[in-house]
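The data block below is data-v5.cif; it holds mmCIF, N, CA and C atoms.
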```cif
data_work
loop_
_atom_site.label_atom_id
_atom_site.label_comp_id
_atom_site.auth_asym_id
_atom_site.auth_seq_id
_atom_site.Cartn_x
_atom_site.Cartn_y
_atom_site.Cartn_z
N MET C 1 28.62 167.91 50.51
CA MET C 1 29.62 167.59 51.48
C MET C 1 30.74 166.79 50.79
N PRO C 2 32.00 167.14 51.09
CA PRO C 2 33.12 166.44 50.45
C PRO C 2 33.29 165.03 51.00
N THR C 3 33.78 164.16 50.16
CA THR C 3 34.03 162.77 50.55
C THR C 3 35.50 162.63 50.94
N ILE C 4 35.73 162.00 52.07
CA ILE C 4 37.11 161.77 52.53
C ILE C 4 37.48 160.34 52.18
N THR C 5 38.60 160.21 51.53
CA THR C 5 39.08 158.86 51.16
C THR C 5 40.48 158.64 51.71
N ASN C 6 40.78 157.41 51.92
CA ASN C 6 42.10 157.02 52.40
C ASN C 6 42.99 156.89 51.17
N SER C 7 43.95 157.79 51.00
CA SER C 7 44.74 157.80 49.79
C SER C 7 46.17 157.27 49.99
N TYR C 8 46.48 156.74 51.13
CA TYR C 8 47.84 156.21 51.32
C TYR C 8 47.82 154.69 51.22
N LYS C 9 48.95 154.16 50.81
CA LYS C 9 49.09 152.71 50.68
C LYS C 9 49.95 152.19 51.82
N THR C 10 49.57 151.06 52.32
CA THR C 10 50.37 150.40 53.35
C THR C 10 51.56 149.74 52.67
N PRO C 11 52.79 150.06 53.12
CA PRO C 11 53.95 149.44 52.48
C PRO C 11 54.00 147.94 52.77
N GLU C 12 54.49 147.21 51.79
CA GLU C 12 54.65 145.77 52.00
C GLU C 12 55.91 145.53 52.80
N ILE C 13 55.81 144.67 53.76
CA ILE C 13 56.96 144.35 54.60
C ILE C 13 57.29 142.88 54.41
N THR C 14 58.54 142.64 54.10
CA THR C 14 59.00 141.27 53.96
C THR C 14 59.80 140.91 55.20
N ILE C 15 59.40 139.87 55.88
CA ILE C 15 60.11 139.43 57.07
C ILE C 15 60.90 138.19 56.71
N GLU C 16 62.20 138.33 56.83
CA GLU C 16 63.08 137.20 56.55
C GLU C 16 63.04 136.24 57.74
N PRO C 17 62.99 134.95 57.47
CA PRO C 17 63.03 134.00 58.59
C PRO C 17 64.39 134.07 59.29
N LEU C 18 64.37 133.87 60.58
CA LEU C 18 65.61 133.87 61.34
C LEU C 18 66.47 132.70 60.88
N GLU C 19 67.76 132.99 60.74
CA GLU C 19 68.67 131.93 60.33
C GLU C 19 68.88 130.98 61.50
N GLU C 20 68.73 129.72 61.24
CA GLU C 20 68.89 128.72 62.28
C GLU C 20 70.38 128.53 62.57
N LYS C 21 70.71 128.49 63.84
CA LYS C 21 72.09 128.29 64.24
C LYS C 21 72.46 126.82 64.06
N PRO C 22 73.68 126.55 63.65
CA PRO C 22 74.09 125.16 63.46
C PRO C 22 74.44 124.44 64.77
N PHE C 23 74.49 125.18 65.85
CA PHE C 23 74.88 124.61 67.14
C PHE C 23 73.73 124.70 68.13
N SER C 24 73.85 123.95 69.21
CA SER C 24 72.79 123.93 70.22
C SER C 24 73.10 124.89 71.37
N ASP C 25 72.06 125.25 72.10
CA ASP C 25 72.24 126.08 73.29
C ASP C 25 73.09 125.34 74.33
N GLU C 26 72.96 124.02 74.39
CA GLU C 26 73.74 123.22 75.35
C GLU C 26 75.23 123.30 75.03
N GLU C 27 75.58 123.29 73.74
CA GLU C 27 76.99 123.42 73.37
C GLU C 27 77.54 124.78 73.82
N VAL C 28 76.78 125.83 73.59
CA VAL C 28 77.21 127.16 74.01
C VAL C 28 77.35 127.20 75.53
N GLU C 29 76.39 126.63 76.25
CA GLU C 29 76.41 126.64 77.71
C GLU C 29 77.66 125.97 78.28
N VAL C 30 78.00 124.79 77.78
CA VAL C 30 79.18 124.11 78.34
C VAL C 30 80.46 124.86 77.98
N ILE C 31 80.50 125.47 76.80
CA ILE C 31 81.69 126.22 76.41
C ILE C 31 81.85 127.49 77.24
N VAL C 32 80.78 128.24 77.44
CA VAL C 32 80.93 129.50 78.20
C VAL C 32 81.28 129.22 79.66
N ARG C 33 80.75 128.15 80.22
CA ARG C 33 81.14 127.78 81.59
C ARG C 33 82.63 127.45 81.64
N THR C 34 83.11 126.77 80.62
CA THR C 34 84.53 126.42 80.55
C THR C 34 85.37 127.68 80.42
N LEU C 35 84.97 128.59 79.56
CA LEU C 35 85.72 129.84 79.39
C LEU C 35 85.80 130.62 80.70
N ALA C 36 84.71 130.63 81.47
CA ALA C 36 84.69 131.36 82.74
C ALA C 36 85.63 130.73 83.77
N GLY C 37 86.03 129.50 83.56
CA GLY C 37 86.97 128.86 84.47
C GLY C 37 88.38 128.75 83.93
N GLU C 38 88.56 128.93 82.63
CA GLU C 38 89.87 128.73 82.02
C GLU C 38 90.56 130.01 81.54
N CYS C 39 89.80 131.09 81.36
CA CYS C 39 90.37 132.31 80.76
C CYS C 39 90.00 133.56 81.56
N TYR C 40 90.90 134.52 81.55
CA TYR C 40 90.54 135.83 82.07
C TYR C 40 89.59 136.48 81.07
N ASP C 41 88.68 137.31 81.57
CA ASP C 41 87.64 137.86 80.71
C ASP C 41 88.20 138.79 79.64
N ASP C 42 89.33 139.44 79.88
CA ASP C 42 89.87 140.39 78.91
C ASP C 42 90.80 139.75 77.88
N LYS C 43 90.96 138.45 77.91
CA LYS C 43 91.87 137.75 76.99
C LYS C 43 91.08 137.08 75.87
N MET C 44 90.68 137.87 74.88
CA MET C 44 89.80 137.38 73.81
C MET C 44 90.47 136.30 72.95
N ALA C 45 91.73 136.50 72.60
CA ALA C 45 92.42 135.50 71.77
C ALA C 45 92.55 134.19 72.53
N ASP C 46 92.78 134.26 73.82
CA ASP C 46 92.85 133.06 74.67
C ASP C 46 91.51 132.31 74.64
N LYS C 47 90.42 133.05 74.76
CA LYS C 47 89.10 132.43 74.74
C LYS C 47 88.87 131.70 73.42
N ARG C 48 89.21 132.36 72.34
CA ARG C 48 89.01 131.75 71.02
C ARG C 48 89.80 130.44 70.92
N LYS C 49 91.04 130.46 71.38
CA LYS C 49 91.88 129.27 71.28
C LYS C 49 91.38 128.14 72.17
N VAL C 50 90.83 128.47 73.35
CA VAL C 50 90.27 127.43 74.21
C VAL C 50 89.09 126.76 73.51
N VAL C 51 88.23 127.55 72.87
CA VAL C 51 87.10 126.96 72.15
C VAL C 51 87.62 126.13 70.97
N GLU C 52 88.67 126.59 70.32
CA GLU C 52 89.26 125.80 69.24
C GLU C 52 89.78 124.46 69.76
N VAL C 53 90.40 124.46 70.93
CA VAL C 53 90.86 123.19 71.52
C VAL C 53 89.67 122.25 71.71
N ILE C 54 88.57 122.77 72.21
CA ILE C 54 87.38 121.94 72.45
C ILE C 54 86.88 121.33 71.13
N VAL C 55 86.66 122.16 70.12
CA VAL C 55 86.12 121.63 68.86
C VAL C 55 87.16 120.78 68.12
N ASN C 56 88.43 121.13 68.24
CA ASN C 56 89.48 120.32 67.61
C ASN C 56 89.53 118.93 68.21
N ARG C 57 89.26 118.83 69.51
CA ARG C 57 89.22 117.51 70.14
C ARG C 57 88.05 116.68 69.62
N VAL C 58 86.95 117.32 69.36
CA VAL C 58 85.82 116.60 68.76
C VAL C 58 86.23 116.12 67.36
N SER C 59 86.82 117.00 66.59
CA SER C 59 87.26 116.65 65.23
C SER C 59 88.28 115.52 65.24
N ASP C 60 89.14 115.51 66.24
CA ASP C 60 90.18 114.48 66.35
C ASP C 60 89.57 113.09 66.57
N GLY C 61 88.48 113.03 67.33
CA GLY C 61 87.80 111.77 67.56
C GLY C 61 88.32 110.97 68.74
N GLY C 62 89.44 111.35 69.30
CA GLY C 62 90.01 110.60 70.41
C GLY C 62 89.68 111.14 71.78
N PHE C 63 88.88 112.17 71.84
CA PHE C 63 88.59 112.83 73.12
C PHE C 63 87.12 112.79 73.50
N GLY C 64 86.26 112.49 72.56
CA GLY C 64 84.82 112.47 72.78
C GLY C 64 84.11 112.63 71.46
N GLU C 65 82.83 112.30 71.45
CA GLU C 65 82.06 112.31 70.20
C GLU C 65 81.47 113.66 69.85
N ASN C 66 81.34 114.54 70.84
CA ASN C 66 80.75 115.85 70.58
C ASN C 66 81.25 116.85 71.61
N VAL C 67 80.86 118.09 71.44
CA VAL C 67 81.33 119.17 72.32
C VAL C 67 80.99 118.88 73.78
N ILE C 68 79.79 118.44 74.03
CA ILE C 68 79.37 118.19 75.41
C ILE C 68 80.19 117.07 76.03
N ASP C 69 80.43 115.99 75.29
CA ASP C 69 81.28 114.90 75.79
C ASP C 69 82.68 115.40 76.13
N VAL C 70 83.28 116.12 75.20
CA VAL C 70 84.65 116.59 75.40
C VAL C 70 84.75 117.47 76.65
N VAL C 71 83.81 118.37 76.82
CA VAL C 71 83.88 119.31 77.94
C VAL C 71 83.53 118.64 79.28
N THR C 72 82.52 117.78 79.30
CA THR C 72 82.01 117.28 80.58
C THR C 72 82.66 115.98 81.06
N LYS C 73 83.54 115.39 80.29
CA LYS C 73 84.18 114.13 80.69
C LYS C 73 85.45 114.35 81.51
N GLY C 74 85.58 115.50 82.14
CA GLY C 74 86.70 115.75 83.03
C GLY C 74 87.94 116.31 82.37
N GLN C 75 87.85 116.72 81.11
CA GLN C 75 89.01 117.24 80.41
C GLN C 75 89.29 118.71 80.69
N PHE C 76 88.30 119.42 81.19
CA PHE C 76 88.44 120.86 81.45
C PHE C 76 87.96 121.18 82.86
N THR C 77 88.89 121.47 83.75
CA THR C 77 88.49 121.78 85.13
C THR C 77 87.68 123.08 85.20
N GLY C 78 87.88 123.97 84.25
CA GLY C 78 87.14 125.22 84.24
C GLY C 78 85.65 125.04 84.08
N TYR C 79 85.23 123.95 83.47
CA TYR C 79 83.80 123.69 83.34
C TYR C 79 83.18 123.47 84.72
N TRP C 80 83.90 122.81 85.58
CA TRP C 80 83.38 122.46 86.91
C TRP C 80 83.61 123.56 87.93
N ARG C 81 84.64 124.39 87.73
CA ARG C 81 84.96 125.46 88.69
C ARG C 81 85.24 126.76 87.94
N GLN C 82 84.28 127.64 87.94
CA GLN C 82 84.47 128.93 87.28
C GLN C 82 85.14 129.90 88.24
N SER C 83 86.03 130.72 87.71
CA SER C 83 86.72 131.71 88.53
C SER C 83 86.12 133.10 88.37
N ARG C 84 85.12 133.22 87.51
CA ARG C 84 84.45 134.50 87.28
C ARG C 84 83.09 134.22 86.65
N PRO C 85 82.23 135.23 86.63
CA PRO C 85 80.92 135.04 85.97
C PRO C 85 81.09 134.93 84.45
N VAL C 86 80.15 134.27 83.82
CA VAL C 86 80.11 134.21 82.35
C VAL C 86 79.84 135.62 81.83
N SER C 87 80.53 136.00 80.76
CA SER C 87 80.36 137.34 80.19
C SER C 87 79.74 137.27 78.80
N GLU C 88 79.32 138.43 78.31
CA GLU C 88 78.78 138.51 76.95
C GLU C 88 79.83 138.10 75.93
N SER C 89 81.10 138.46 76.17
CA SER C 89 82.14 138.09 75.21
C SER C 89 82.37 136.58 75.19
N ASP C 90 82.15 135.91 76.32
CA ASP C 90 82.23 134.44 76.33
C ASP C 90 81.20 133.85 75.37
N ILE C 91 79.98 134.35 75.46
CA ILE C 91 78.90 133.86 74.61
C ILE C 91 79.19 134.16 73.15
N GLN C 92 79.63 135.38 72.87
CA GLN C 92 79.93 135.78 71.50
C GLN C 92 81.03 134.91 70.90
N ILE C 93 82.12 134.71 71.64
CA ILE C 93 83.23 133.91 71.12
C ILE C 93 82.81 132.46 70.95
N ALA C 94 82.05 131.93 71.89
CA ALA C 94 81.57 130.54 71.75
C ALA C 94 80.74 130.39 70.49
N GLU C 95 79.80 131.29 70.27
CA GLU C 95 78.92 131.21 69.10
C GLU C 95 79.69 131.41 67.80
N GLU C 96 80.61 132.37 67.77
CA GLU C 96 81.40 132.62 66.56
C GLU C 96 82.27 131.42 66.21
N THR C 97 82.92 130.85 67.22
CA THR C 97 83.81 129.72 66.95
C THR C 97 83.02 128.49 66.54
N LEU C 98 81.91 128.23 67.20
CA LEU C 98 81.06 127.11 66.78
C LEU C 98 80.55 127.30 65.36
N THR C 99 80.15 128.51 65.01
CA THR C 99 79.69 128.79 63.65
C THR C 99 80.80 128.51 62.65
N ASP C 100 82.01 128.96 62.95
CA ASP C 100 83.16 128.71 62.07
C ASP C 100 83.43 127.22 61.93
N TRP C 101 83.36 126.50 63.04
CA TRP C 101 83.65 125.07 63.04
C TRP C 101 82.62 124.30 62.21
N TYR C 102 81.34 124.58 62.42
CA TYR C 102 80.30 123.91 61.64
C TYR C 102 80.41 124.28 60.15
N ALA C 103 80.75 125.54 59.85
CA ALA C 103 80.92 125.96 58.46
C ALA C 103 82.12 125.27 57.81
N ASN C 104 83.05 124.82 58.64
CA ASN C 104 84.25 124.11 58.17
C ASN C 104 84.02 122.59 58.18
N ASP C 105 82.78 122.17 58.15
CA ASP C 105 82.41 120.74 58.17
C ASP C 105 82.95 120.01 59.39
N CYS C 106 83.00 120.71 60.51
CA CYS C 106 83.44 120.16 61.80
C CYS C 106 84.88 119.63 61.73
N LYS C 107 85.68 120.26 60.90
CA LYS C 107 87.11 119.93 60.84
C LYS C 107 87.85 120.88 61.76
N ALA C 108 89.01 120.46 62.22
CA ALA C 108 89.81 121.26 63.16
C ALA C 108 90.03 122.68 62.62
N LEU C 109 89.95 123.65 63.51
CA LEU C 109 90.15 125.05 63.15
C LEU C 109 91.60 125.48 63.30
N SER C 110 92.38 124.71 64.03
CA SER C 110 93.81 124.98 64.23
C SER C 110 94.46 123.66 64.63
N GLU C 111 95.73 123.71 64.91
CA GLU C 111 96.43 122.49 65.32
C GLU C 111 96.32 122.23 66.82
N TYR C 112 95.75 123.16 67.59
CA TYR C 112 95.75 123.06 69.04
C TYR C 112 94.82 121.97 69.57
N LEU C 113 95.37 121.12 70.44
CA LEU C 113 94.58 120.09 71.14
C LEU C 113 94.74 120.19 72.65
N PHE C 114 95.73 120.95 73.11
CA PHE C 114 96.04 121.04 74.54
C PHE C 114 96.38 122.47 74.90
N PHE C 115 96.22 122.79 76.18
CA PHE C 115 96.69 124.07 76.70
C PHE C 115 96.91 123.95 78.19
N SER C 116 97.71 124.86 78.70
CA SER C 116 97.97 124.93 80.14
C SER C 116 98.16 126.39 80.51
N SER C 117 98.11 126.67 81.80
CA SER C 117 98.31 128.05 82.27
C SER C 117 99.71 128.51 81.90
N GLY C 118 99.79 129.75 81.52
CA GLY C 118 101.08 130.32 81.14
C GLY C 118 101.31 131.66 81.80
N PRO C 119 102.34 132.36 81.38
CA PRO C 119 102.66 133.66 81.96
C PRO C 119 101.69 134.75 81.50
N ASN C 120 101.71 135.86 82.19
CA ASN C 120 100.91 137.04 81.82
C ASN C 120 99.42 136.75 81.69
N ARG C 121 98.90 135.87 82.55
CA ARG C 121 97.48 135.55 82.58
C ARG C 121 96.98 134.98 81.26
N GLU C 122 97.85 134.35 80.51
CA GLU C 122 97.47 133.73 79.25
C GLU C 122 97.81 132.24 79.27
N ASN C 123 97.07 131.49 78.50
CA ASN C 123 97.33 130.06 78.38
C ASN C 123 98.37 129.80 77.30
N VAL C 124 99.00 128.65 77.39
CA VAL C 124 99.96 128.21 76.39
C VAL C 124 99.30 127.06 75.62
N PHE C 125 99.24 127.17 74.31
CA PHE C 125 98.54 126.21 73.47
C PHE C 125 99.54 125.38 72.68
N ARG C 126 99.18 124.09 72.49
CA ARG C 126 100.08 123.19 71.75
C ARG C 126 99.30 122.08 71.08
N SER C 127 99.94 121.40 70.16
CA SER C 127 99.30 120.32 69.42
C SER C 127 99.63 118.95 69.98
N GLU C 128 100.67 118.87 70.80
CA GLU C 128 101.05 117.60 71.41
C GLU C 128 101.07 117.74 72.92
N TYR C 129 100.83 116.63 73.60
CA TYR C 129 100.79 116.64 75.06
C TYR C 129 102.15 116.71 75.66
#
```

Using C-alpha coordinates, write down the structure that the file contains.
Amino acid sequence: MPTITNSYKTPEITIEPLEEKPFSDEEVEVIVRTLAGECYDDKMADKRKVVEVIVNRVSDGGFGENVIDVVTKGQFTGYWRQSRPVSESDIQIAEETLTDWYANDCKALSEYLFFSSGPNRENVFRSEY
(Lines of atoms letter the chains of each structure in order from A and count residues from 1; the text may use other names and numbers.)
(Lines give C-alpha, C1' and ligand atoms only; values in the text may rest on other atoms or scores of the structure.)
Protein backbone atom coordinates (compact mmCIF):
# COMPACT_ATOMS: atom_id res chain seq x y z
CA MET A 1 0.00 0.00 0.00
CA PRO A 2 1.36 3.45 -0.91
CA THR A 3 2.21 5.95 1.80
CA ILE A 4 0.62 9.39 1.60
CA THR A 5 2.73 12.25 2.84
CA ASN A 6 2.06 15.93 3.22
CA SER A 7 4.45 17.52 0.74
CA TYR A 8 3.44 21.18 0.94
CA LYS A 9 4.98 23.79 3.18
CA THR A 10 3.00 26.35 5.10
CA PRO A 11 4.17 29.81 4.03
CA GLU A 12 5.58 32.04 6.72
CA ILE A 13 3.47 35.08 7.37
CA THR A 14 4.92 38.19 8.89
CA ILE A 15 2.40 40.45 10.57
CA GLU A 16 3.54 44.00 10.95
CA PRO A 17 2.36 45.72 14.12
CA LEU A 18 -0.20 48.43 13.58
CA GLU A 19 1.34 51.86 13.55
CA GLU A 20 0.26 53.80 16.60
CA LYS A 21 -1.45 57.08 15.85
CA PRO A 22 0.14 60.16 17.39
CA PHE A 23 -3.26 61.62 18.25
CA SER A 24 -6.12 60.53 20.49
CA ASP A 25 -9.64 59.49 19.57
CA GLU A 26 -10.87 62.40 21.72
CA GLU A 27 -8.94 64.89 19.57
CA VAL A 28 -10.50 63.46 16.42
CA GLU A 29 -13.97 63.51 18.03
CA VAL A 30 -13.87 67.19 18.99
CA ILE A 31 -12.48 68.16 15.58
CA VAL A 32 -15.06 66.24 13.53
CA ARG A 33 -17.90 67.69 15.61
CA THR A 34 -16.47 71.14 14.93
CA LEU A 35 -16.19 70.46 11.20
CA ALA A 36 -19.83 69.32 11.11
CA GLY A 37 -20.82 72.71 12.51
CA GLU A 38 -18.35 74.98 10.71
CA CYS A 39 -18.03 73.59 7.16
CA TYR A 40 -20.18 72.31 4.35
CA ASP A 41 -19.44 68.65 3.72
CA ASP A 42 -18.29 69.19 0.11
CA LYS A 43 -15.72 71.89 1.01
CA MET A 44 -12.60 69.80 1.64
CA ALA A 45 -10.09 72.67 1.55
CA ASP A 46 -12.27 74.57 4.04
CA LYS A 47 -12.27 71.58 6.39
CA ARG A 48 -8.49 71.29 6.23
CA LYS A 49 -8.05 74.99 7.02
CA VAL A 50 -10.46 74.82 9.98
CA VAL A 51 -8.42 71.97 11.46
CA GLU A 52 -5.27 73.99 10.80
CA VAL A 53 -6.77 76.91 12.74
CA ILE A 54 -7.43 74.55 15.67
CA VAL A 55 -3.92 73.09 15.78
CA ASN A 56 -2.30 76.46 15.02
CA ARG A 57 -4.04 77.88 18.07
CA VAL A 58 -2.55 75.12 20.19
CA SER A 59 0.88 75.86 18.71
CA ASP A 60 0.41 79.58 19.40
CA GLY A 61 -0.13 78.90 23.10
CA GLY A 62 -2.54 81.78 23.64
CA PHE A 63 -5.76 79.89 22.99
CA GLY A 64 -5.42 76.70 25.03
CA GLU A 65 -2.95 73.99 25.95
CA ASN A 66 -4.24 71.26 23.64
CA VAL A 67 -6.75 70.50 20.89
CA ILE A 68 -9.54 69.66 23.32
CA ASP A 69 -9.03 72.90 25.29
CA VAL A 70 -9.00 75.03 22.15
CA VAL A 71 -12.17 73.46 20.75
CA THR A 72 -14.25 73.13 23.93
CA LYS A 73 -13.51 76.48 25.60
CA GLY A 74 -16.13 78.28 23.51
CA GLN A 75 -13.91 79.26 20.57
CA PHE A 76 -15.84 77.25 17.98
CA THR A 77 -19.64 77.38 17.95
CA GLY A 78 -19.68 74.50 15.48
CA TYR A 79 -18.50 72.14 18.20
CA TRP A 80 -21.65 72.84 20.19
CA ARG A 81 -24.09 73.11 17.26
CA GLN A 82 -23.61 70.88 14.24
CA SER A 83 -25.48 71.76 11.05
CA ARG A 84 -25.02 68.31 9.50
CA PRO A 85 -23.98 64.79 10.45
CA VAL A 86 -20.28 63.94 10.79
CA SER A 87 -18.98 62.42 7.55
CA GLU A 88 -16.18 60.04 6.62
CA SER A 89 -14.31 62.94 5.00
CA ASP A 90 -14.47 64.86 8.31
CA ILE A 91 -12.73 61.95 10.03
CA GLN A 92 -10.19 61.54 7.24
CA ILE A 93 -9.27 65.24 7.17
CA ALA A 94 -9.07 65.42 10.97
CA GLU A 95 -6.74 62.42 11.12
CA GLU A 96 -4.58 63.58 8.19
CA THR A 97 -4.17 67.09 9.59
CA LEU A 98 -3.40 65.85 13.09
CA THR A 99 -0.84 63.43 11.65
CA ASP A 100 0.80 66.29 9.73
CA TRP A 101 0.79 68.53 12.80
CA TYR A 102 2.36 65.92 15.09
CA ALA A 103 4.93 65.08 12.38
CA ASN A 104 5.76 68.81 12.31
CA ASP A 105 6.56 68.74 16.06
CA CYS A 106 3.22 70.42 16.82
CA LYS A 107 4.29 73.61 15.06
CA ALA A 108 1.78 75.70 13.12
CA LEU A 109 0.84 74.26 9.73
CA SER A 110 -0.11 77.65 8.26
CA GLU A 111 -0.48 81.25 9.36
CA TYR A 112 -4.24 80.91 9.99
CA LEU A 113 -5.54 81.54 13.52
CA PHE A 114 -9.03 82.86 12.73
CA PHE A 115 -11.87 82.35 10.29
CA SER A 116 -15.40 83.56 9.67
CA SER A 117 -18.23 82.72 7.31
CA GLY A 118 -17.65 83.96 3.80
CA PRO A 119 -19.25 83.93 0.37
CA ASN A 120 -20.01 80.83 -1.70
CA ARG A 121 -20.45 78.60 1.37
CA GLU A 122 -16.76 78.96 2.22
CA ASN A 123 -15.00 80.39 5.24
CA VAL A 124 -12.54 83.28 5.13
CA PHE A 125 -9.25 82.53 6.91
CA ARG A 126 -6.79 85.03 8.37
CA SER A 127 -3.83 85.33 10.70
CA GLU A 128 -5.03 88.40 12.60
CA TYR A 129 -8.32 89.12 14.31

Starting from the shown file, work through the PyMOL selection byres ((chain C and resi 110) around 8) and note down what comes out as a PDB file with N, CA and C atoms, in the coordinates of the input.
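New file part-v5.pdb:
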```pdb
ATOM      1  N   GLU C  52      88.670 126.590  70.320  1.00  0.00           N
ATOM      2  CA  GLU C  52      89.260 125.800  69.240  1.00  0.00           C
ATOM      3  C   GLU C  52      89.780 124.460  69.760  1.00  0.00           C
ATOM      4  N   VAL C  53      90.400 124.460  70.930  1.00  0.00           N
ATOM      5  CA  VAL C  53      90.860 123.190  71.520  1.00  0.00           C
ATOM      6  C   VAL C  53      89.670 122.250  71.710  1.00  0.00           C
ATOM      7  N   VAL C  55      86.660 122.160  70.120  1.00  0.00           N
ATOM      8  CA  VAL C  55      86.120 121.630  68.860  1.00  0.00           C
ATOM      9  C   VAL C  55      87.160 120.780  68.120  1.00  0.00           C
ATOM     10  N   ASN C  56      88.430 121.130  68.240  1.00  0.00           N
ATOM     11  CA  ASN C  56      89.480 120.320  67.610  1.00  0.00           C
ATOM     12  C   ASN C  56      89.530 118.930  68.210  1.00  0.00           C
ATOM     13  N   LYS C 107      85.680 120.260  60.900  1.00  0.00           N
ATOM     14  CA  LYS C 107      87.110 119.930  60.840  1.00  0.00           C
ATOM     15  C   LYS C 107      87.850 120.880  61.760  1.00  0.00           C
ATOM     16  N   ALA C 108      89.010 120.460  62.220  1.00  0.00           N
ATOM     17  CA  ALA C 108      89.810 121.260  63.160  1.00  0.00           C
ATOM     18  C   ALA C 108      90.030 122.680  62.620  1.00  0.00           C
ATOM     19  N   LEU C 109      89.950 123.650  63.510  1.00  0.00           N
ATOM     20  CA  LEU C 109      90.150 125.050  63.150  1.00  0.00           C
ATOM     21  C   LEU C 109      91.600 125.480  63.300  1.00  0.00           C
ATOM     22  N   GLU C 111      95.730 123.710  64.910  1.00  0.00           N
ATOM     23  CA  GLU C 111      96.430 122.490  65.320  1.00  0.00           C
ATOM     24  C   GLU C 111      96.320 122.230  66.820  1.00  0.00           C
ATOM     25  N   TYR C 112      95.750 123.160  67.590  1.00  0.00           N
ATOM     26  CA  TYR C 112      95.750 123.060  69.040  1.00  0.00           C
ATOM     27  C   TYR C 112      94.820 121.970  69.570  1.00  0.00           C
ATOM     28  N   LEU C 113      95.370 121.120  70.440  1.00  0.00           N
ATOM     29  CA  LEU C 113      94.580 120.090  71.140  1.00  0.00           C
ATOM     30  C   LEU C 113      94.740 120.190  72.650  1.00  0.00           C
ATOM     31  N   SER C 127      99.940 121.400  70.160  1.00  0.00           N
ATOM     32  CA  SER C 127      99.300 120.320  69.420  1.00  0.00           C
ATOM     33  C   SER C 127      99.630 118.950  69.980  1.00  0.00           C
TER      34      SER C 127
END
```

Counting only N, CA and C atoms, the residue of C:Ile68, C:Phe114, C:Asp60, C:Phe23 that sits nearest Leu98 of chain C =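 Of the candidates, the smallest distance to Leu98 of chain C is held by C:Phe23.
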
Extract, using all atoms listed in the file, all DNA, RNA and protein residues at most 8 Å from Arg33 of chain C, discarding same-chain residues fewer than 2 positions from it, and format them as an MDAnalysis selection string.
-> chainID C and resid 27:31 35:38 77:83 85:87 90:91

Go through chain C and collect every residue that DSSP, computed from the backbone, puts in strand (DSSP E); the answer should be as an NGL selection string.
-> :C and (114-117 or 123-126)

Counting all atoms listed in the file, the option among C:Lys43, C:Lys21, C:Thr14, C:Gly74 closest to Arg121 of chain C |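 Of C:Lys43, C:Lys21, C:Thr14, C:Gly74, the one nearest Arg121 of chain C is C:Lys43, counting all atoms listed in the file.
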
Length of the atom CA of Pro119 of chain C to atom CA of Trp101 of chain C vector [Å] | 28.2 Å

Point-to-point distance in Å for atom CA of Glu96 of chain C and atom CA of Ala45 of chain C =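 Computed distance, atom CA of Ala45 of chain C to atom CA of Glu96 of chain C, equals 12.5 Å.
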
Atom CA of Glu26 of chain C and atom CA of Phe115 of chain C are how many Å apart?
->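 Value for the atom CA of Glu26 of chain C-atom CA of Phe115 of chain C distance: 23.0 Å.
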
Mind the document's chain letters and residue numbers, and return as number ranges by chain the residues of chain C that DSSP labels alpha helix (DSSP H).
-> C: 25-38, 44-60, 67-70, 77-80, 88-103

Find, counting only N, CA and C atoms, the residue in C:Asn123, C:Tyr102, C:Lys73, C:Thr97 that gets nearest to Cys39 of chain C.
->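 The shortest atom-to-atom distance to Cys39 of chain C comes from C:Asn123.
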